[in-house]
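Chemist: Compact mmCIF, C-alpha atoms, saved as run.txt, coming up:
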```txt
# COMPACT_ATOMS: atom_id res chain seq x y z
CA MET A 1 91.97 148.85 115.20
CA SER A 2 88.32 149.76 115.58
CA ASP A 3 87.34 146.13 116.23
CA ASN A 4 89.51 146.33 119.35
CA MET A 5 86.77 148.04 121.28
CA LYS A 6 83.09 147.50 121.74
CA MET A 7 81.27 150.60 122.98
CA ARG A 8 77.77 151.65 123.91
CA ALA A 9 76.53 155.01 125.22
CA GLN A 10 72.93 155.12 126.39
CA LEU A 11 70.88 157.96 127.81
CA LYS A 12 68.72 156.87 130.72
CA ASP A 13 67.31 158.71 133.73
CA GLY A 14 69.00 161.91 132.60
CA MET A 15 72.45 160.36 132.56
CA VAL A 16 74.56 158.77 129.87
CA GLU A 17 76.03 155.42 130.72
CA VAL A 18 79.04 154.39 128.64
CA LYS A 19 80.17 150.78 128.54
CA VAL A 20 83.46 149.81 126.94
CA LEU A 21 84.91 146.36 126.34
CA MET A 22 88.49 146.33 125.07
CA SER A 23 90.45 143.49 123.52
CA HIS A 24 93.85 143.30 125.22
CA PRO A 25 95.97 140.54 126.85
CA MET A 26 96.89 142.63 129.95
CA GLU A 27 99.99 140.49 130.59
CA THR A 28 101.57 141.15 133.98
CA GLY A 29 105.08 140.04 133.01
CA ARG A 30 104.99 137.43 135.79
CA LYS A 31 103.33 134.59 133.85
CA LYS A 32 105.30 131.83 132.07
CA ASP A 33 104.42 130.28 128.72
CA ASP A 34 104.32 126.52 127.96
CA PHE A 35 108.10 126.53 127.56
CA GLY A 36 108.78 128.13 130.93
CA GLN A 37 109.66 131.49 129.43
CA LEU A 38 108.31 134.63 131.05
CA ILE A 39 105.71 136.35 128.92
CA PRO A 40 106.71 140.03 128.71
CA ALA A 41 104.43 142.57 130.35
CA HIS A 42 101.89 143.95 127.89
CA PHE A 43 99.15 146.10 129.37
CA ILE A 44 97.14 149.26 128.85
CA GLN A 45 98.65 152.15 130.81
CA LEU A 46 96.55 155.15 129.82
CA LEU A 47 92.93 155.55 128.83
CA THR A 48 91.08 158.76 128.10
CA ALA A 49 87.46 159.47 127.33
CA THR A 50 86.19 162.61 125.68
CA LEU A 51 82.69 164.04 125.30
CA ASN A 52 82.37 166.04 122.07
CA GLY A 53 86.15 166.43 122.09
CA LYS A 54 86.51 167.57 125.72
CA THR A 55 88.40 165.23 128.05
CA VAL A 56 86.13 163.92 130.80
CA LEU A 57 87.98 160.89 132.12
CA GLU A 58 91.66 160.07 132.36
CA ALA A 59 92.77 156.73 133.70
CA GLN A 60 96.14 155.23 134.50
CA TRP A 61 96.12 151.46 134.78
CA GLY A 62 98.56 148.89 136.09
CA THR A 63 98.80 145.17 135.35
CA GLY A 64 95.98 144.48 137.83
CA ILE A 65 93.19 145.29 135.38
CA ALA A 66 91.71 142.02 134.08
CA LYS A 67 92.37 140.70 130.56
CA ASN A 68 90.07 142.24 127.94
CA PRO A 69 89.35 145.27 130.11
CA TYR A 70 85.84 146.32 130.90
CA LEU A 71 84.84 149.83 131.93
CA THR A 72 81.56 151.56 132.71
CA PHE A 73 81.28 155.27 133.45
CA ARG A 74 78.47 157.80 133.56
CA LEU A 75 78.20 161.35 132.24
CA ILE A 76 76.02 164.14 133.58
CA GLY A 77 74.40 166.48 131.07
CA ALA A 78 75.29 164.61 127.89
CA LYS A 79 72.58 164.53 125.21
CA LEU A 80 71.35 162.24 122.47
CA GLY A 81 73.73 162.35 119.52
CA ASP A 82 76.70 163.55 121.57
CA LYS A 83 79.98 161.90 120.66
CA VAL A 84 81.93 159.87 123.20
CA THR A 85 85.47 158.82 122.26
CA VAL A 86 87.70 156.38 124.13
CA THR A 87 91.43 156.02 123.47
CA TRP A 88 93.92 153.71 125.12
CA VAL A 89 97.70 153.38 124.90
CA ASP A 90 99.66 150.40 126.22
CA ASN A 91 103.22 149.93 127.49
CA LYS A 92 104.43 148.96 124.01
CA GLY A 93 103.07 152.16 122.50
CA GLU A 94 100.18 150.41 120.76
CA SER A 95 96.90 152.26 120.86
CA ALA A 96 93.28 152.12 119.82
CA THR A 97 90.57 154.73 119.63
CA GLN A 98 86.86 154.52 118.97
CA ASP A 99 83.89 156.83 119.16
CA ILE A 100 80.18 156.32 119.48
CA SER A 101 77.05 158.47 119.51
CA VAL A 102 74.76 158.63 122.51
CA ILE A 103 71.50 156.76 121.88
CA SER A 104 68.38 156.38 124.01
CA ALA A 105 68.11 153.33 126.25
CA MET B 1 93.80 168.53 136.94
CA THR B 2 93.64 171.09 134.15
CA LEU B 3 97.36 170.78 133.70
CA MET B 4 97.13 167.02 133.48
CA LEU B 5 94.26 167.22 130.96
CA GLY B 6 96.31 169.44 128.73
CA ALA B 7 99.24 167.10 129.09
CA VAL B 8 97.23 164.13 127.87
CA VAL B 9 95.82 165.95 124.87
CA ALA B 10 99.35 166.94 123.92
CA ILE B 11 100.72 163.54 124.74
CA PHE B 12 98.61 161.72 122.16
CA LEU B 13 100.39 163.74 119.54
CA GLN B 14 103.78 162.92 121.01
CA PRO B 15 106.09 159.96 120.51
CA PHE B 16 105.86 157.04 122.88
CA ASN B 17 108.54 158.11 125.38
CA ALA B 18 106.41 161.09 126.37
CA LEU B 19 103.61 158.71 127.33
CA ALA B 20 105.86 156.70 129.59
CA ALA B 21 106.60 159.92 131.44
CA LEU B 22 102.93 160.49 132.22
CA TRP B 23 102.26 157.01 133.58
CA ASN B 24 103.06 156.90 137.31
CA LYS B 25 105.64 154.12 137.12
CA SER B 26 106.86 154.30 140.72
CA ALA B 27 103.33 154.14 142.14
CA PHE B 28 102.32 151.22 139.92
CA ASN B 29 105.57 149.33 140.67
CA ALA B 30 105.27 149.82 144.45
CA ILE B 31 105.01 146.45 146.20
CA ALA B 32 103.45 147.72 149.44
CA ILE B 33 100.12 149.54 149.56
CA GLN B 34 101.47 152.25 151.90
CA GLU B 35 104.29 152.93 149.46
CA ALA B 36 101.84 153.28 146.56
CA THR B 37 99.51 155.61 148.44
CA GLN B 38 102.44 157.71 149.64
CA ILE B 39 103.76 158.15 146.10
CA LEU B 40 100.25 159.13 144.97
CA GLY B 41 100.18 161.85 147.64
CA ILE B 42 97.27 160.24 149.47
CA HIS B 43 97.33 161.30 153.11
CA ASP B 44 95.08 161.45 156.18
CA GLU B 45 92.33 159.59 154.40
CA ILE B 46 89.01 159.54 156.23
CA ASN B 47 87.08 156.29 156.35
CA SER B 48 83.78 157.06 154.63
CA ASN B 49 80.49 155.24 154.13
CA ASN B 50 79.81 157.69 151.32
CA ILE B 51 81.89 155.43 149.12
CA GLN B 52 79.91 152.42 147.93
CA ILE B 53 81.71 149.30 146.76
CA VAL B 54 79.78 146.57 144.98
CA ALA B 55 81.96 143.48 144.61
CA PRO B 56 81.59 139.80 145.43
CA ASP B 57 82.39 138.53 148.94
CA LEU B 58 83.92 135.49 147.33
CA ALA B 59 85.65 135.21 143.95
CA GLU B 60 86.21 131.70 142.57
CA ASN B 61 88.88 132.97 140.20
CA GLY B 62 90.97 136.03 140.95
CA ALA B 63 91.62 136.63 137.26
CA VAL B 64 88.36 138.53 136.84
CA VAL B 65 86.71 140.28 139.78
CA GLN B 66 84.14 142.92 138.91
CA VAL B 67 84.25 146.02 141.11
CA GLU B 68 81.66 148.79 141.06
CA VAL B 69 82.50 152.04 142.85
CA LYS B 70 80.19 154.96 143.54
CA SER B 71 81.16 158.05 145.47
CA ASN B 72 78.53 160.18 147.19
CA ILE B 73 81.22 162.66 148.21
CA ALA B 74 80.79 166.13 146.70
CA ASN B 75 83.44 167.22 144.19
CA THR B 76 84.91 163.77 143.71
CA GLU B 77 87.91 164.41 141.44
CA ALA B 78 89.74 161.12 141.49
CA ILE B 79 89.11 157.49 142.33
CA PHE B 80 91.90 155.02 143.12
CA ILE B 81 91.55 151.23 143.26
CA LEU B 82 94.12 149.28 145.29
CA VAL B 83 94.38 145.62 146.32
CA GLU B 84 96.41 145.27 149.49
CA LYS B 85 97.88 141.82 148.87
CA ASN B 86 98.50 141.98 145.13
CA PRO B 87 102.18 141.88 144.04
CA THR B 88 101.71 145.51 142.97
CA PRO B 89 98.74 146.91 144.93
CA LEU B 90 97.86 149.92 142.76
CA ILE B 91 95.34 148.82 140.14
CA ALA B 92 93.93 152.02 138.70
CA HIS B 93 93.80 155.79 139.04
CA PHE B 94 90.84 157.62 137.47
CA GLU B 95 90.70 161.42 137.12
CA LEU B 96 87.16 162.71 136.66
CA SER B 97 86.06 166.01 135.12
CA PRO B 98 82.89 167.71 136.46
CA GLU B 99 80.94 166.11 133.56
CA MET B 100 81.57 162.71 135.11
CA TYR B 101 79.18 161.14 137.59
CA PRO B 102 81.48 159.61 140.24
CA TYR B 103 80.80 156.02 139.28
CA ILE B 104 83.15 153.43 137.77
CA VAL B 105 82.75 149.74 137.02
CA THR B 106 85.77 147.68 136.02
CA ARG B 107 87.21 144.17 136.38
CA ILE B 108 90.41 143.54 138.28
CA LYS B 109 92.85 140.73 139.11
CA MET B 110 93.40 139.50 142.66
CA ALA B 111 96.29 137.25 143.70
CA GLU B 112 94.75 136.07 146.97
CA THR B 113 92.15 136.88 149.60
CA SER B 114 92.60 140.56 150.39
CA ASP B 115 91.04 143.88 151.16
CA ILE B 116 90.36 146.06 148.18
CA LYS B 117 90.72 149.70 149.05
CA ILE B 118 88.98 152.54 147.26
CA VAL B 119 90.33 156.05 147.77
CA VAL B 120 88.44 159.16 146.67
CA LYS B 121 90.04 162.57 146.30
CA ALA B 122 87.77 165.58 146.79
CA GLY B 123 89.47 168.96 146.91
CA THR B 124 92.43 168.58 149.25
CA GLN B 125 90.85 165.71 151.18
CA TYR B 126 91.07 161.96 150.78
CA PHE B 127 88.41 159.44 151.75
CA SER B 128 88.59 155.67 151.69
CA ARG B 129 86.64 152.49 152.14
CA SER B 130 87.75 148.87 152.07
CA LYS B 131 86.04 145.57 151.41
CA ASN B 132 87.44 142.10 151.93
CA ILE B 133 87.13 139.63 149.06
CA THR B 134 87.89 135.93 149.50
CA VAL B 135 89.76 134.59 146.48
CA LEU B 136 89.91 130.83 145.83
CA GLU B 137 92.24 130.83 142.81
CA ASN B 138 95.16 133.19 142.17
CA GLY B 139 94.40 135.46 139.24
CA CYS B 140 97.71 137.24 138.93
CA GLY B 141 99.73 134.47 137.22
```
As a first step, turn the structure in this file into structure tokens.
Modeler:
Amino acid sequence: MSDNMKMRAQLKDGMVEVKVLMSHPMETGRKKDDFGQLIPAHFIQLLTATLNGKTVLEAQWGTGIAKNPYLTFRLIGAKLGDKVTVTWVDNKGESATQDISVISA
Amino acid sequence: MTLMLGAVVAIFLQPFNALAALWNKSAFNAIAIQEATQILGIHDEINSNNIQIVAPDLAENGAVVQVEVKSNIANTEAIFILVEKNPTPLIAHFELSPEMYPYIVTRIKMAETSDIKIVVKAGTQYFSRSKNITVLENGCG
């Protein structure tokens, strides 16, 4: 599922900025399809980011995060070549994980 | 925090039902903002200009509203995003380790014109700041 996530981690001004774009419907469970049937809720609930294997960010999300979620965060003290990994799990138990190395801006 | 970190590491090795236990279902299902904040343990929050919110004053479509949050409060451990008038006001809860600069950008859904409320936890204290966003088209469908 590696094509589920686009990631970039760039070192600039002494800080690493990580940008993540995920592919996910983020269905609220309140929307109806063309036949008037409710589309079941389907959304990312948990997201974690690690730096060289150590957890640095833990997020819990509700249905209010927009479709194809976007996230930017910044790390202090990370270096070129460090590995940043992002993992998400949704309410159906589906998950995706991807890692990327820190590059210079 | 440490406990929770350990829990997540363990949880990714666990079957799905363990995950459901970690996700704060009652807070995310709360239909009133005060109910959500109460469940999260947020109390006596201090209005603070040390929280910066960058978001549009007007959103044509509530389906995608970009929100940038920066906390200038020392020892920021957690950032919460809530939308007062959404069907379920709690949008996101971020727990930050000391390696994290207290800065998050994400995109949220808004059902109607509303205040968005950012709450920051630092030590035992809570700080908050709100910003009103006018929404022309419901994005919560």
Chemist: Go ahead and compute the interatomic distance for CA of Lys131 in chain B and CA of Glu58 in chain A, in Å to one decimal.
Modeler: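 Straight-line distance from CA of Lys131 in chain B to CA of Glu58 in chain A works out to 24.6 Å.
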Chemist: Measure the distance from CA of Glu68 in chain B to CA of Trp61 in chain A in Å and round it to one decimal.
Modeler: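 Atom-to-atom, CA of Glu68 in chain B to CA of Trp61 in chain A, that is 16.0 Å.
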Chemist: Dump as a list in words all residues having an atom at most 7 Å from (83.4, 156.8, 149.6), computed in the file's coordinates with all atoms listed in the file.
Modeler: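 In the file's frame, the residues around the point are Ser48, Asn49, Asn50, Ile51, Gln52, Ser71, Asn72, Ile73, Val120, Phe127, Ser128 and Arg129 of chain B.
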Chemist: Write out as a Markdown table the residues of chain B that have any atom within 6 Å of an atom of chain A, one row each with the nearest atom pair and its distance in Å to one decimal, counting only C-alpha atoms, sorted by chain and then rising number.
Modeler:
```
| residue | atom | partner | partner_atom | distance |
| --- | --- | --- | --- | --- |
| B:Phe16 | CA | A:Gly93 | CA | 5.6 |
| B:Phe28 | CA | A:Gly62 | CA | 5.9 |
| B:Val64 | CA | A:Ala66 | CA | 5.6 |
| B:Ile91 | CA | A:Gly64 | CA | 5.0 |
| B:Ala92 | CA | A:Trp61 | CA | 4.5 |
| B:His93 | CA | A:Gln60 | CA | 5.1 |
| B:Phe94 | CA | A:Ala59 | CA | 4.3 |
| B:Glu95 | CA | A:Glu58 | CA | 5.0 |
| B:Leu96 | CA | A:Leu57 | CA | 5.0 |
| B:Ser97 | CA | A:Val56 | CA | 4.8 |
| B:Glu99 | CA | A:Ile76 | CA | 5.3 |
| B:Met100 | CA | A:Leu75 | CA | 4.6 |
| B:Tyr101 | CA | A:Arg74 | CA | 5.3 |
| B:Tyr103 | CA | A:Phe73 | CA | 5.9 |
| B:Ile104 | CA | A:Phe73 | CA | 5.1 |
| B:Val105 | CA | A:Thr72 | CA | 4.8 |
| B:Thr106 | CA | A:Leu71 | CA | 4.7 |
| B:Arg107 | CA | A:Ala66 | CA | 5.5 |
| B:Ile108 | CA | A:Ile65 | CA | 4.4 |
| B:Lys109 | CA | A:Gly64 | CA | 5.0 |
| B:Gly141 | CA | A:Lys31 | CA | 4.9 |
```
Chemist: In Å to one decimal, how far is CA of Met110 in chain B from CA of Asn86 in chain B?
Modeler: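 CA of Asn86 in chain B sits 6.2 Å away from CA of Met110 in chain B.
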Chemist: Considering only C-alpha atoms, state which residue in the set B:Ala122, B:Ile133, B:Ile39, B:Ala111 is at the smallest distance from Thr88 in chain B.
Modeler: B:Ala111
Chemist: Quick one: everything within 9 Å of Gly81 in chain A, counting all atoms listed in the file, minus sequence neighbours fewer than 4 positions away in the same chain. Send it as a PyMOL selection string.
Modeler: chain A and resi 100-103
